[in-house]
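So this block is my_file_4.txt, compact mmCIF, C-alpha atoms:
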# COMPACT_ATOMS: atom_id res chain seq x y z
CA MET T 11 0.00 0.00 0.00
CA ASP T 12 1.02 3.53 -0.52
CA SER T 13 2.55 5.07 2.55
CA SER T 14 0.50 8.26 2.42
CA SER T 15 -2.58 8.16 4.58
CA ASP T 16 -4.42 10.21 1.96
CA HIS T 17 -3.92 7.40 -0.48
CA SER T 18 -4.61 4.58 1.93
CA PRO T 19 -7.72 2.43 1.73
CA SER T 20 -9.05 3.64 5.05
CA ALA T 21 -8.82 7.30 4.12
CA SER T 22 -11.49 6.70 1.52
CA LEU T 23 -13.73 5.19 4.16
CA HIS T 24 -14.07 8.52 5.90
CA SER T 25 -15.48 10.45 2.96
CA PRO T 26 -15.59 8.37 -0.19
CA GLY T 27 -16.53 10.60 -3.02
CA ASP T 28 -18.32 13.21 -0.93
CA VAL T 29 -18.75 15.83 -3.62
CA HIS T 30 -18.94 18.60 -1.01
CA ASN T 31 -15.29 18.04 -0.15
CA VAL T 32 -14.37 19.35 -3.59
CA LYS T 33 -14.53 23.09 -2.92
CA PHE T 34 -12.23 24.41 -5.67
CA CYS T 35 -11.53 23.68 -9.31
CA GLN T 36 -8.24 21.84 -9.70
CA TRP T 37 -7.77 23.28 -13.19
CA CYS T 38 -8.45 27.01 -12.64
CA GLY T 39 -8.65 27.44 -8.85
CA SER T 40 -12.13 29.00 -8.80
CA PRO T 41 -14.78 27.92 -6.25
CA THR T 42 -17.05 25.04 -7.20
CA LYS T 43 -20.83 24.77 -6.91
CA HIS T 44 -22.56 21.48 -6.17
CA GLU T 45 -25.36 20.68 -8.61
CA ILE T 46 -26.70 17.94 -10.82
CA PRO T 47 -25.44 18.75 -14.34
CA GLU T 48 -27.95 18.81 -17.17
CA GLY T 49 -28.52 15.32 -18.52
CA GLU T 50 -27.04 13.67 -15.45
CA GLU T 51 -28.55 12.29 -12.26
CA ARG T 52 -25.88 12.79 -9.62
CA LEU T 53 -24.64 15.74 -7.65
CA ARG T 54 -21.25 16.90 -8.93
CA ALA T 55 -18.73 19.61 -8.08
CA ILE T 56 -18.83 22.05 -11.01
CA CYS T 57 -16.46 25.00 -11.44
CA THR T 58 -18.28 28.34 -11.17
CA SER T 59 -15.76 29.87 -13.57
CA CYS T 60 -14.61 27.38 -16.22
CA GLY T 61 -17.58 25.02 -15.85
CA LYS T 62 -15.51 21.84 -15.65
CA ILE T 63 -16.92 18.96 -13.63
CA ALA T 64 -14.74 17.20 -11.05
CA TYR T 65 -15.87 13.60 -11.42
CA GLN T 66 -15.00 11.26 -8.58
CA ASN T 67 -14.83 7.56 -9.29
CA PRO T 68 -14.06 4.36 -7.40
CA LYS T 69 -10.44 3.33 -7.07
CA MET T 70 -8.89 -0.02 -7.85
CA VAL T 71 -6.67 -1.84 -5.36
CA VAL T 72 -4.56 -4.56 -6.98
CA GLY T 73 -2.72 -7.39 -5.26
CA CYS T 74 -1.33 -10.91 -5.40
CA LEU T 75 -2.28 -14.14 -3.65
CA ILE T 76 1.07 -15.90 -3.84
CA GLU T 77 1.13 -19.69 -3.66
CA HIS T 78 4.34 -21.41 -2.58
CA ASP T 79 4.69 -25.00 -1.30
CA ASN T 80 0.96 -25.16 -0.45
CA LYS T 81 1.31 -21.95 1.55
CA VAL T 82 0.38 -18.32 0.90
CA LEU T 83 2.50 -15.23 1.48
CA LEU T 84 1.22 -12.53 3.83
CA CYS T 85 2.75 -9.24 4.95
CA LYS T 86 2.37 -7.65 8.39
CA ARG T 87 1.60 -3.96 7.95
CA LYS T 88 4.08 -1.46 9.38
CA ILE T 89 1.86 1.49 8.43
CA GLU T 90 -1.62 2.70 9.26
CA PRO T 91 -4.34 1.79 8.69
CA SER T 92 -4.40 -1.69 10.19
CA TYR T 93 -0.87 -1.39 11.57
CA GLY T 94 0.38 -4.78 12.77
CA LEU T 95 -2.25 -6.79 10.89
CA TRP T 96 -1.72 -9.21 8.02
CA THR T 97 -2.49 -8.52 4.38
CA LEU T 98 -1.82 -9.79 0.90
CA PRO T 99 0.59 -7.46 -0.88
CA ALA T 100 -1.76 -4.93 -2.49
CA GLY T 101 -2.14 -1.24 -3.23
CA TYR T 102 -3.67 1.37 -5.47
CA LEU T 103 -3.41 0.91 -9.22
CA GLU T 104 -1.57 3.75 -10.95
CA ILE T 105 -2.35 5.30 -14.31
CA GLY T 106 -0.07 3.81 -16.96
CA GLU T 107 0.09 0.27 -15.59
CA SER T 108 -2.21 -2.71 -16.00
CA ALA T 109 -3.80 -4.30 -12.95
CA MET T 110 -1.41 -7.22 -13.35
CA GLU T 111 1.62 -4.92 -13.51
CA GLY T 112 0.34 -3.01 -10.47
CA ALA T 113 -0.10 -6.20 -8.47
CA ILE T 114 3.44 -7.31 -9.35
CA ARG T 115 4.80 -3.87 -8.38
CA GLU T 116 3.03 -3.85 -5.02
CA THR T 117 4.40 -7.32 -4.27
CA ARG T 118 7.90 -6.11 -5.09
CA GLU T 119 7.45 -3.04 -2.85
CA GLU T 120 5.89 -4.77 0.15
CA ALA T 121 7.56 -8.18 0.12
CA ASN T 122 10.71 -7.72 -1.99
CA ALA T 123 9.43 -10.63 -4.03
CA GLU T 124 9.46 -11.17 -7.78
CA VAL T 125 6.32 -13.00 -8.83
CA GLU T 126 4.78 -14.43 -11.96
CA VAL T 127 1.03 -13.99 -12.24
CA ILE T 128 -0.83 -17.26 -12.92
CA SER T 129 -4.42 -16.10 -13.38
CA PRO T 130 -7.01 -13.55 -12.27
CA TYR T 131 -8.50 -14.77 -8.99
CA ALA T 132 -11.06 -12.32 -7.62
CA GLN T 133 -12.79 -8.99 -8.03
CA LEU T 134 -14.21 -7.64 -4.79
CA ASP T 135 -16.27 -4.46 -4.97
CA ILE T 136 -16.80 -2.41 -1.80
CA PRO T 137 -19.35 0.20 -2.90
CA LEU T 138 -19.64 2.04 0.41
CA ILE T 139 -16.00 3.09 0.30
CA GLY T 140 -15.65 3.35 -3.48
CA GLN T 141 -13.06 0.60 -3.84
CA THR T 142 -12.63 -2.46 -6.03
CA TYR T 143 -10.01 -5.08 -5.22
CA ILE T 144 -8.50 -7.02 -8.13
CA ILE T 145 -6.54 -10.04 -6.87
CA PHE T 146 -4.32 -12.31 -8.98
CA LEU T 147 -2.96 -15.76 -8.20
CA ALA T 148 0.83 -15.69 -8.47
CA ARG T 149 3.92 -17.72 -7.77
CA LEU T 150 7.42 -16.72 -6.63
CA ARG T 151 9.99 -16.60 -9.43
CA LYS T 152 12.65 -17.30 -6.78
CA PRO T 153 11.98 -18.44 -3.22
CA HIS T 154 13.08 -15.09 -1.80
CA PHE T 155 11.07 -12.48 0.07
CA SER T 156 11.61 -10.00 2.88
CA PRO T 157 9.72 -7.06 4.36
CA GLY T 158 9.67 -3.87 2.30
CA PRO T 159 9.44 -0.41 3.90
CA GLU T 160 5.71 -0.77 4.64
CA SER T 161 5.91 -4.26 6.15
CA SER T 162 7.39 -5.51 9.44
CA GLU T 163 7.28 -9.20 8.48
CA CYS T 164 6.54 -11.41 5.48
CA GLN T 165 5.63 -15.00 6.15
CA LEU T 166 4.30 -18.09 4.38
CA PHE T 167 1.20 -19.59 6.00
CA SER T 168 -0.33 -23.00 5.36
CA LEU T 169 -4.09 -22.86 4.84
CA SER T 170 -4.81 -23.97 8.39
CA GLU T 171 -2.47 -21.33 9.82
CA ILE T 172 -3.87 -18.26 8.07
CA PRO T 173 -4.39 -15.65 10.83
CA PHE T 174 -8.05 -14.89 10.13
CA SER T 175 -8.43 -13.03 13.41
CA SER T 176 -5.51 -10.72 12.60
CA LEU T 177 -6.20 -9.73 8.99
CA SER T 178 -6.12 -6.09 7.95
CA PHE T 179 -9.18 -5.59 5.73
CA SER T 180 -12.54 -7.21 4.92
CA SER T 181 -11.26 -7.80 1.40
CA MET T 182 -8.51 -10.01 2.80
CA VAL T 183 -10.94 -12.00 4.96
CA VAL T 184 -13.09 -12.66 1.89
CA THR T 185 -10.25 -13.44 -0.54
CA LEU T 186 -8.52 -15.85 1.80
CA SER T 187 -11.81 -17.52 2.83
CA LEU T 188 -12.70 -18.13 -0.82
CA TYR T 189 -9.23 -19.48 -1.47
CA VAL T 190 -9.34 -21.90 1.47
CA GLU T 191 -12.76 -23.10 0.24
CA ASP T 192 -11.45 -23.57 -3.30
CA MET T 193 -8.42 -25.49 -2.05
CA ASN T 194 -10.45 -27.65 0.33
CA ALA T 195 -12.79 -28.48 -2.53
CA GLY T 196 -9.72 -29.94 -4.17
CA GLY T 197 -10.21 -28.14 -7.43
CA LYS T 198 -8.41 -25.54 -9.43
CA PRO T 199 -9.15 -22.08 -8.02
CA LYS T 200 -11.98 -20.32 -9.85
CA PHE T 201 -12.48 -16.65 -10.62
CA HIS T 202 -14.76 -15.02 -8.08
CA TYR T 203 -16.77 -11.82 -8.32
CA VAL T 204 -18.26 -10.55 -5.07
CA THR T 205 -19.70 -7.40 -3.54
CA ILE T 206 -18.67 -6.64 0.03
CA ASN T 207 -21.39 -4.50 1.55
CA LYS T 208 -19.92 -2.87 4.63
CA ARG T 209 -22.58 -2.10 7.20
CA PRO T 210 -22.98 1.68 7.34
CA GLY T 211 -21.90 3.20 10.63
CA THR T 212 -19.52 0.40 11.51
CA SER T 213 -15.86 1.12 11.98
CA ALA T 214 -13.40 0.62 9.14
CA SER T 215 -11.42 -1.55 11.54
CA ASP T 216 -14.35 -3.91 12.09
CA ILE T 217 -13.35 -6.15 9.23
CA HIS T 218 -16.18 -8.62 9.84
CA ALA T 219 -19.03 -6.04 9.66
CA PHE T 220 -20.22 -6.84 6.15
CA THR T 221 -22.48 -9.00 4.06
CA LEU T 222 -21.21 -10.78 0.97
CA ASP T 223 -23.53 -10.22 -1.99
CA HIS T 224 -23.69 -11.25 -5.63
CA HIS T 225 -21.08 -13.97 -5.40
CA MET T 226 -20.50 -15.32 -8.92
CA GLN T 227 -17.84 -17.67 -10.23
CA SER T 228 -16.40 -18.27 -13.67
CA MET O 12 -21.83 6.41 -21.26
CA ASP O 13 -22.04 9.67 -19.49
CA SER O 14 -23.06 12.51 -21.76
CA SER O 15 -20.39 14.91 -20.58
CA SER O 16 -17.32 14.94 -22.74
CA ASP O 17 -15.19 15.47 -19.63
CA HIS O 18 -16.38 12.13 -18.37
CA SER O 19 -16.22 10.33 -21.66
CA PRO O 20 -13.64 7.63 -22.37
CA SER O 21 -11.93 9.64 -25.08
CA ALA O 22 -11.43 12.67 -22.88
CA SER O 23 -9.06 10.62 -20.77
CA LEU O 24 -7.08 9.73 -23.85
CA HIS O 25 -5.96 13.30 -24.30
CA SER O 26 -4.32 13.68 -20.90
CA PRO O 27 -4.81 10.65 -18.72
CA GLY O 28 -3.55 11.48 -15.30
CA ASP O 29 -1.14 14.19 -16.38
CA VAL O 30 -0.28 15.52 -12.96
CA HIS O 31 0.61 18.95 -14.41
CA ASN O 32 -3.04 19.51 -15.26
CA VAL O 33 -3.80 19.68 -11.54
CA LYS O 34 -2.82 23.28 -10.84
CA PHE O 35 -4.89 24.00 -7.72
CA CYS O 36 -5.87 22.16 -4.54
CA GLN O 37 -9.50 21.04 -4.71
CA TRP O 38 -9.81 21.19 -0.92
CA CYS O 39 -8.30 24.63 -0.12
CA GLY O 40 -7.87 26.32 -3.52
CA SER O 41 -4.13 27.04 -3.14
CA PRO O 42 -1.70 26.41 -6.00
CA THR O 43 -0.11 22.98 -6.24
CA LYS O 44 3.52 22.04 -6.77
CA HIS O 45 4.55 18.95 -8.70
CA GLU O 46 7.02 16.76 -6.84
CA ILE O 47 7.66 13.18 -5.80
CA PRO O 48 6.45 12.92 -2.19
CA GLU O 49 8.80 11.42 0.38
CA GLY O 50 8.55 7.65 0.37
CA GLU O 51 6.91 7.56 -3.03
CA GLU O 52 8.21 7.16 -6.56
CA ARG O 53 5.81 9.10 -8.74
CA LEU O 54 5.30 12.75 -9.48
CA ARG O 55 2.18 14.07 -7.72
CA ALA O 56 0.33 17.37 -7.44
CA ILE O 57 0.84 18.52 -3.84
CA CYS O 58 -0.87 21.54 -2.29
CA THR O 59 1.62 24.29 -1.41
CA SER O 60 -0.59 25.35 1.48
CA CYS O 61 -2.35 22.38 3.11
CA GLY O 62 0.05 19.74 1.78
CA LYS O 63 -2.63 17.36 0.55
CA ILE O 64 -1.79 15.18 -2.43
CA ALA O 65 -4.19 14.96 -5.39
CA TYR O 66 -3.87 11.32 -6.38
CA GLN O 67 -5.10 10.39 -9.83
CA ASN O 68 -6.08 6.80 -10.47
CA PRO O 69 -7.44 4.72 -13.35
CA LYS O 70 -11.18 4.69 -13.89
CA MET O 71 -13.43 1.68 -14.29
CA VAL O 72 -15.87 1.39 -17.17
CA VAL O 73 -18.58 -1.22 -16.55
CA GLY O 74 -20.91 -2.80 -19.09
CA CYS O 75 -23.02 -5.76 -20.17
CA LEU O 76 -22.70 -8.26 -22.98
CA ILE O 77 -26.37 -9.23 -23.31
CA GLU O 78 -27.22 -12.62 -24.83
CA HIS O 79 -30.68 -13.11 -26.31
CA ASP O 80 -31.74 -15.85 -28.78
CA ASN O 81 -28.09 -16.47 -29.78
CA LYS O 82 -27.67 -12.78 -30.49
CA VAL O 83 -26.02 -9.90 -28.63
CA LEU O 84 -27.41 -6.43 -27.97
CA LEU O 85 -25.49 -3.40 -29.27
CA CYS O 86 -26.25 0.33 -29.08
CA LYS O 87 -25.39 2.90 -31.74
CA ARG O 88 -23.89 5.95 -30.03
CA LYS O 89 -25.73 9.25 -30.39
CA ILE O 90 -22.98 11.14 -28.54
CA GLU O 91 -19.29 11.79 -29.02
CA PRO O 92 -16.83 10.18 -28.91
CA SER O 93 -17.46 7.55 -31.56
CA TYR O 94 -20.79 9.05 -32.61
CA GLY O 95 -22.68 6.67 -34.88
CA LEU O 96 -20.60 3.62 -33.95
CA TRP O 97 -21.74 0.49 -32.10
CA THR O 98 -21.00 -0.35 -28.49
CA LEU O 99 -22.06 -2.58 -25.66
CA PRO O 100 -24.00 -0.60 -23.08
CA ALA O 101 -21.22 0.63 -20.75
CA GLY O 102 -20.11 3.65 -18.77
CA TYR O 103 -18.15 4.89 -15.80
CA LEU O 104 -18.63 3.19 -12.46
CA GLU O 105 -19.89 5.56 -9.77
CA ILE O 106 -18.95 5.61 -6.10
CA GLY O 107 -21.60 3.79 -4.07
CA GLU O 108 -22.44 1.10 -6.60
CA SER O 109 -20.85 -2.26 -7.38
CA ALA O 110 -19.51 -2.97 -10.86
CA MET O 111 -22.49 -5.25 -11.44
CA GLU O 112 -24.95 -2.57 -10.35
CA GLY O 113 -23.19 -0.02 -12.54
CA ALA O 114 -23.35 -2.31 -15.58
CA ILE O 115 -27.08 -2.88 -15.01
CA ARG O 116 -27.63 0.89 -14.63
CA GLU O 117 -25.76 1.72 -17.82
CA THR O 118 -27.82 -0.87 -19.71
CA ARG O 119 -31.01 0.68 -18.38
CA GLU O 120 -29.83 4.17 -19.40
CA GLU O 121 -28.55 3.34 -22.86
CA ALA O 122 -30.91 0.58 -23.99
CA ASN O 123 -33.98 0.93 -21.73
CA ALA O 124 -33.43 -2.73 -20.91
CA GLU O 125 -33.69 -4.55 -17.60
CA VAL O 126 -31.06 -7.26 -17.40
CA GLU O 127 -29.98 -9.99 -15.06
CA VAL O 128 -26.23 -10.49 -14.79
CA ILE O 129 -25.15 -14.10 -15.39
CA SER O 130 -21.42 -13.98 -14.70
CA PRO O 131 -18.31 -11.80 -14.92
CA TYR O 132 -16.97 -12.06 -18.47
CA ALA O 133 -13.91 -9.90 -18.98
CA GLN O 134 -11.52 -7.38 -17.48
CA LEU O 135 -9.72 -5.29 -20.08
CA ASP O 136 -7.04 -2.89 -18.86
CA ILE O 137 -5.97 0.00 -21.10
CA PRO O 138 -2.97 1.44 -19.23
CA LEU O 139 -2.18 4.22 -21.70
CA ILE O 140 -5.51 5.92 -21.07
CA GLY O 141 -5.93 4.87 -17.44
CA GLN O 142 -9.05 2.79 -17.97
CA THR O 143 -10.21 -0.69 -17.00
CA TYR O 144 -13.30 -2.22 -18.58
CA ILE O 145 -15.29 -4.72 -16.51
CA ILE O 146 -17.80 -6.60 -18.68
CA PHE O 147 -20.53 -8.94 -17.44
CA LEU O 148 -22.56 -11.52 -19.35
CA ALA O 149 -26.26 -10.75 -18.92
CA ARG O 150 -29.69 -11.68 -20.19
CA LEU O 151 -32.85 -9.63 -20.75
CA ARG O 152 -35.44 -9.97 -17.99
CA LYS O 153 -38.10 -9.10 -20.61
CA PRO O 154 -37.53 -9.01 -24.39
CA HIS O 155 -37.84 -5.22 -24.47
CA PHE O 156 -35.26 -2.61 -25.34
CA SER O 157 -35.15 0.76 -27.08
CA PRO O 158 -32.60 3.56 -27.48
CA GLY O 159 -31.96 5.73 -24.41
CA PRO O 160 -30.95 9.40 -24.69
CA GLU O 161 -27.35 8.55 -25.65
CA SER O 162 -28.24 5.95 -28.31
CA SER O 163 -29.81 6.30 -31.75
CA GLU O 164 -30.51 2.57 -32.17
CA CYS O 165 -30.38 -0.65 -30.19
CA GLN O 166 -30.22 -3.89 -32.13
CA LEU O 167 -29.65 -7.61 -31.64
CA PHE O 168 -26.88 -9.05 -33.80
CA SER O 169 -26.13 -12.70 -34.49
CA LEU O 170 -22.45 -13.55 -34.10
CA SER O 171 -21.85 -13.46 -37.85
CA GLU O 172 -23.53 -10.06 -38.14
CA ILE O 173 -21.56 -8.18 -35.46
CA PRO O 174 -20.40 -4.93 -37.14
CA PHE O 175 -16.69 -5.26 -36.34
CA SER O 176 -15.80 -2.48 -38.77
CA SER O 177 -18.19 -0.04 -37.06
CA LEU O 178 -17.44 -0.57 -33.37
CA SER O 179 -16.80 2.38 -31.10
CA PHE O 180 -13.80 1.38 -28.98
CA SER O 181 -10.89 -1.08 -28.92
CA SER O 182 -12.40 -2.60 -25.78
CA MET O 183 -15.51 -3.53 -27.78
CA VAL O 184 -13.47 -5.09 -30.59
CA VAL O 185 -11.63 -7.23 -28.05
CA THR O 186 -14.65 -8.20 -25.94
CA LEU O 187 -16.76 -9.20 -28.92
CA SER O 188 -13.87 -11.05 -30.60
CA LEU O 189 -13.28 -13.10 -27.46
CA TYR O 190 -16.98 -13.82 -27.19
CA VAL O 191 -17.25 -15.00 -30.80
CA GLU O 192 -14.22 -17.25 -30.23
CA ASP O 193 -15.74 -18.68 -27.03
CA MET O 194 -19.05 -19.34 -28.77
CA ASN O 195 -17.45 -20.86 -31.85
CA ALA O 196 -15.43 -23.15 -29.56
CA GLY O 197 -18.79 -24.42 -28.44
CA GLY O 198 -18.07 -24.06 -24.77
CA LYS O 199 -19.35 -22.03 -21.91
CA PRO O 200 -17.84 -18.52 -22.00
CA LYS O 201 -14.77 -18.16 -19.78
CA PHE O 202 -13.56 -15.19 -17.77
CA HIS O 203 -10.88 -13.28 -19.66
CA TYR O 204 -8.24 -10.89 -18.36
CA VAL O 205 -6.39 -8.89 -21.01
CA THR O 206 -4.27 -5.79 -21.38
CA ILE O 207 -4.97 -3.60 -24.39
CA ASN O 208 -1.80 -1.69 -25.17
CA LYS O 209 -2.77 1.20 -27.40
CA ARG O 210 0.08 2.25 -29.65
CA PRO O 211 1.28 5.67 -28.45
CA GLY O 212 0.69 8.44 -30.94
CA THR O 213 -2.20 6.72 -32.65
CA SER O 214 -5.61 8.32 -32.68
CA ALA O 215 -8.23 7.37 -30.12
CA SER O 216 -10.51 6.68 -33.02
CA ASP O 217 -8.14 4.10 -34.50
CA ILE O 218 -9.70 1.25 -32.60
CA HIS O 219 -7.44 -1.38 -34.13
CA ALA O 220 -4.13 0.31 -33.19
CA PHE O 221 -3.27 -1.93 -30.24
CA THR O 222 -1.59 -5.12 -29.14
CA LEU O 223 -3.33 -7.57 -26.85
CA ASP O 224 -1.07 -8.59 -23.98
CA HIS O 225 -1.26 -10.88 -20.96
CA HIS O 226 -4.39 -12.71 -22.05
CA MET O 227 -5.38 -15.08 -19.23
CA GLN O 228 -8.53 -17.12 -18.73
CA SER O 229 -10.18 -18.58 -15.67

Go through the file and emit its structure as C-alpha cells.
Amino acid sequence: MDSSSDHSPSASLHSPGDVHNVKFCQWCGSPTKHEIPEGEERLRAICTSCGKIAYQNPKMVVGCLIEHDNKVLLCKRKIEPSYGLWTLPAGYLEIGESAMEGAIRETREEANAEVEVISPYAQLDIPLIGQTYIIFLARLRKPHFSPGPESSECQLFSLSEIPFSSLSFSSMVVTLSLYVEDMNAGGKPKFHYVTINKRPGTSASDIHAFTLDHHMQS
Amino acid sequence: MDSSSDHSPSASLHSPGDVHNVKFCQWCGSPTKHEIPEGEERLRAICTSCGKIAYQNPKMVVGCLIEHDNKVLLCKRKIEPSYGLWTLPAGYLEIGESAMEGAIRETREEANAEVEVISPYAQLDIPLIGQTYIIFLARLRKPHFSPGPESSECQLFSLSEIPFSSLSFSSMVVTLSLYVEDMNAGGKPKFHYVTINKRPGTSASDIHAFTLDHHMQS
C-alpha cells in the first residue's frame, strides 16, 4: 500500500466521493458549486468559472495471492491503517500500468518478491468506500522475500495457519476464505466476483461487519 | 456512457492522469507544486498550502454483454466520442455502486433494458488511457429494449452479423472477438483478463491500433 494516509484504503472510508469536499476547481482554482449537471442524475462539483466537472470515481486496489509449497504469502503492515495486521501485498493501481503490472509492483514493494502472475483470482467491490479489489494468483519466481518499507514481516502460512483473526481488511478476509474453500474443494481455483457490503456506521477496523452479496464464479 | 465529454472515455485519452493539469488544490484552492512525495516514486500534485496530495487513479468502465436468442445487444452511439458507432452498453462506475450494479444501470440508461447479470466475463485494462473495462454476461429480464438518450438505435446481432468495422472502442473489438471465439469453440464462456496496449501516438478513433497482452482465462 502507498505510505500516504491520503492514499490509503481507510482514508477513503471517511469520505468516499463526498462531492462537497471538492470546494475548488483543480484546473483554474475558482470555487465550485454542487449541482446535478444537465442530462445527469448525480450531484457533482462544477467549477463556477470554467464550468468543468470534477468527477469522482471508485479506485482499484490490486494485489497478489502468492502460492508457494501449499502456503500463501502474507505481509504484516508497518503502516496505518491496520498497523500490525496481516495482508496480501496490495495497493492502489496507478495510471499507466495494468492491474497485473500493479499487483506485481506492489508485491515487489511490500515483500521484496518477484512474482509471476498465474491467473485472475477475484474482483471484490466495496461500494460504500468506493473501492474495487482485483486479486491475482501468483507464484514466486525465486523463493526469496523479505519485508519492504511498509511491512514488518513477510511469512508463508499453510491454509490452516492463516491468521483470520488478525487480517487487515474485509477484502482479505473474503479473498482468503474463498481461497481456502477452493483449495479444500480440491479443485483448481476459480475466478470469483463478489460485492462486500460494509454495514454503514460500523468502523473501518471492524473487518467482519459486512455481508457478501452477488457472489459469482467463472 | 455519461453525456459529458469530460467524463467520456476519449477525454481521458488526451491527458490521462497528467499531474501537471492539476494546478490548484481542490480542498483549499491554493496552487499545487509537482514533486515526488517522500517515500513515493511518482510525481504528484501537492498543495503548497495544506500539503494534501491529489492522487489520480485509473477509472473503471462497466458494461453488459447481453445474450438473447443467440444474439447480442449493441447500441449505436448518439454522442461523441465515436458518434454513430456500435458499443455494448457501458459507462463509468460511480462511487456507491458495485460494478455489477453499474453495468445494469448503464444498460437501463442506454438501452432501456432490464437485465440480469449471469457472470463476470472480462476485465480489459488500457494502461495508456488509465481505464479498466469490466464486462458482465447478462440476459434480458423481458424481451424489451429501445434507445436511451445517448443511443440512436439498439439492435440484436447474431455472431456473424456483429459490425466489427463499425465498433466504437478497442475494448468492444476485443470483448466481442473473445466472445465470438468462445461461442465458436462451443463451450461455456470463460472469464478473460487482457491488457490492451494502445500504440502511443495513434488516434483514439483508431480502434485497431493496439496489441493484446497478458491474455489469461479462468

Give the residues of chain T that lie within 8 Å of chain O; count only C-alpha atoms, and format the answer as a ChimeraX atom specification.
/T:12-13,16-17,26-27,31-41,49-50,62-63,65-70,102-109,129-131,135-140,200-201,203,205,226-228

Exercise: Met182 of chain T partners within 8 Å, only C-alpha atoms, chain neighbours under 4 positions left out, as an MDAnalysis selection string:
chainID T and resid 97:98 177:178 186

Could you tell me how far atom CA of Glu191 of chain T lies from atom CA of Ser170 of chain T, in Å and to one decimal?
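Spanning atom CA of Glu191 of chain T to atom CA of Ser170 of chain T is a straight-line distance of 11.4 Å.
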
Work out how far apart atom CA of Glu126 of chain T and atom CA of Lys86 of chain T are and give it in Å to one decimal.
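Atom CA of Lys86 of chain T lies at a distance of 21.6 Å from atom CA of Glu126 of chain T.
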
Could you please give me, as a short mmCIF file (atom, residue, chain, number, x, y, z; two decimals) with C-alpha atoms, in the frame of the given file, the residues of protein, DNA or RNA lying at most 10 Å from (9.3, -18.6, -7.9) in the coordinate frame of the file, considering only C-alpha atoms?
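Contents of point_4.cif, as written:
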data_model
loop_
_atom_site.label_atom_id
_atom_site.label_comp_id
_atom_site.auth_asym_id
_atom_site.auth_seq_id
_atom_site.Cartn_x
_atom_site.Cartn_y
_atom_site.Cartn_z
CA ILE T 76 1.07 -15.90 -3.84
CA GLU T 77 1.13 -19.69 -3.66
CA HIS T 78 4.34 -21.41 -2.58
CA ALA T 123 9.43 -10.63 -4.03
CA GLU T 124 9.46 -11.17 -7.78
CA VAL T 125 6.32 -13.00 -8.83
CA GLU T 126 4.78 -14.43 -11.96
CA ALA T 148 0.83 -15.69 -8.47
CA ARG T 149 3.92 -17.72 -7.77
CA LEU T 150 7.42 -16.72 -6.63
CA ARG T 151 9.99 -16.60 -9.43
CA LYS T 152 12.65 -17.30 -6.78
CA PRO T 153 11.98 -18.44 -3.22
CA HIS T 154 13.08 -15.09 -1.80
#

In file coordinates, which residues lie within 7 Å of (2.1, -10.0, 6.9) using all atoms listed in the file, given as a PyMOL selection string?
chain T and resi 84-87+95-97+161+163-165

Rounded to one decimal place, report the atom CA of Glu52 of chain O-atom CA of Leu223 of chain O distance in Å.
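Separating atom CA of Glu52 of chain O from atom CA of Leu223 of chain O is a distance of 27.6 Å.
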
Nearest candidate to Tyr190 of chain O (options O:Lys89, O:Val83, O:His45, O:Thr222; using all atoms listed in the file):
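For Tyr190 of chain O, the nearest of the given residues is O:Val83.
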
When distances are computed from all atoms listed in the file, which of O:Gly74, O:Ile90, O:Leu84, O:Asn123 shows the smallest separation from Gly102 of chain O?
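Smallest separation from Gly102 of chain O among the options: O:Gly74.
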
Mind filling out segment 83-94 of chain O with N, CA and C atoms and sending it as a PDB file, in the frame of the given file?
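Here's the written file part.pdb:
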ATOM      1  N   VAL O  83     -26.483 -10.830 -29.654  1.00  0.00           N
ATOM      2  CA  VAL O  83     -26.020  -9.900 -28.630  1.00  0.00           C
ATOM      3  C   VAL O  83     -26.570  -8.503 -28.926  1.00  0.00           C
ATOM      4  N   LEU O  84     -26.773  -7.744 -27.841  1.00  0.00           N
ATOM      5  CA  LEU O  84     -27.410  -6.430 -27.970  1.00  0.00           C
ATOM      6  C   LEU O  84     -26.349  -5.326 -28.071  1.00  0.00           C
ATOM      7  N   LEU O  85     -26.406  -4.536 -29.113  1.00  0.00           N
ATOM      8  CA  LEU O  85     -25.490  -3.400 -29.270  1.00  0.00           C
ATOM      9  C   LEU O  85     -26.283  -2.107 -29.392  1.00  0.00           C
ATOM     10  N   CYS O  86     -25.637  -1.008 -28.995  1.00  0.00           N
ATOM     11  CA  CYS O  86     -26.250   0.330 -29.080  1.00  0.00           C
ATOM     12  C   CYS O  86     -25.405   1.186 -30.032  1.00  0.00           C
ATOM     13  N   LYS O  87     -26.092   1.953 -30.861  1.00  0.00           N
ATOM     14  CA  LYS O  87     -25.390   2.900 -31.740  1.00  0.00           C
ATOM     15  C   LYS O  87     -25.305   4.235 -30.997  1.00  0.00           C
ATOM     16  N   ARG O  88     -24.111   4.760 -30.855  1.00  0.00           N
ATOM     17  CA  ARG O  88     -23.890   5.950 -30.030  1.00  0.00           C
ATOM     18  C   ARG O  88     -24.430   7.215 -30.701  1.00  0.00           C
ATOM     19  N   LYS O  89     -25.200   7.979 -29.910  1.00  0.00           N
ATOM     20  CA  LYS O  89     -25.730   9.250 -30.390  1.00  0.00           C
ATOM     21  C   LYS O  89     -24.951  10.417 -29.784  1.00  0.00           C
ATOM     22  N   ILE O  90     -23.826  10.113 -29.147  1.00  0.00           N
ATOM     23  CA  ILE O  90     -22.980  11.140 -28.540  1.00  0.00           C
ATOM     24  C   ILE O  90     -21.537  10.887 -28.948  1.00  0.00           C
ATOM     25  N   GLU O  91     -20.728  11.958 -28.834  1.00  0.00           N
ATOM     26  CA  GLU O  91     -19.290  11.790 -29.020  1.00  0.00           C
ATOM     27  C   GLU O  91     -18.695  11.241 -27.730  1.00  0.00           C
ATOM     28  N   PRO O  92     -17.566  10.586 -27.718  1.00  0.00           N
ATOM     29  CA  PRO O  92     -16.830  10.180 -28.910  1.00  0.00           C
ATOM     30  C   PRO O  92     -17.459   8.973 -29.587  1.00  0.00           C
ATOM     31  N   SER O  93     -17.008   8.711 -30.790  1.00  0.00           N
ATOM     32  CA  SER O  93     -17.460   7.550 -31.560  1.00  0.00           C
ATOM     33  C   SER O  93     -18.948   7.616 -31.889  1.00  0.00           C
ATOM     34  N   TYR O  94     -19.413   8.828 -32.170  1.00  0.00           N
ATOM     35  CA  TYR O  94     -20.790   9.050 -32.610  1.00  0.00           C
ATOM     36  C   TYR O  94     -21.096   8.156 -33.803  1.00  0.00           C
TER      37      TYR O  94
END
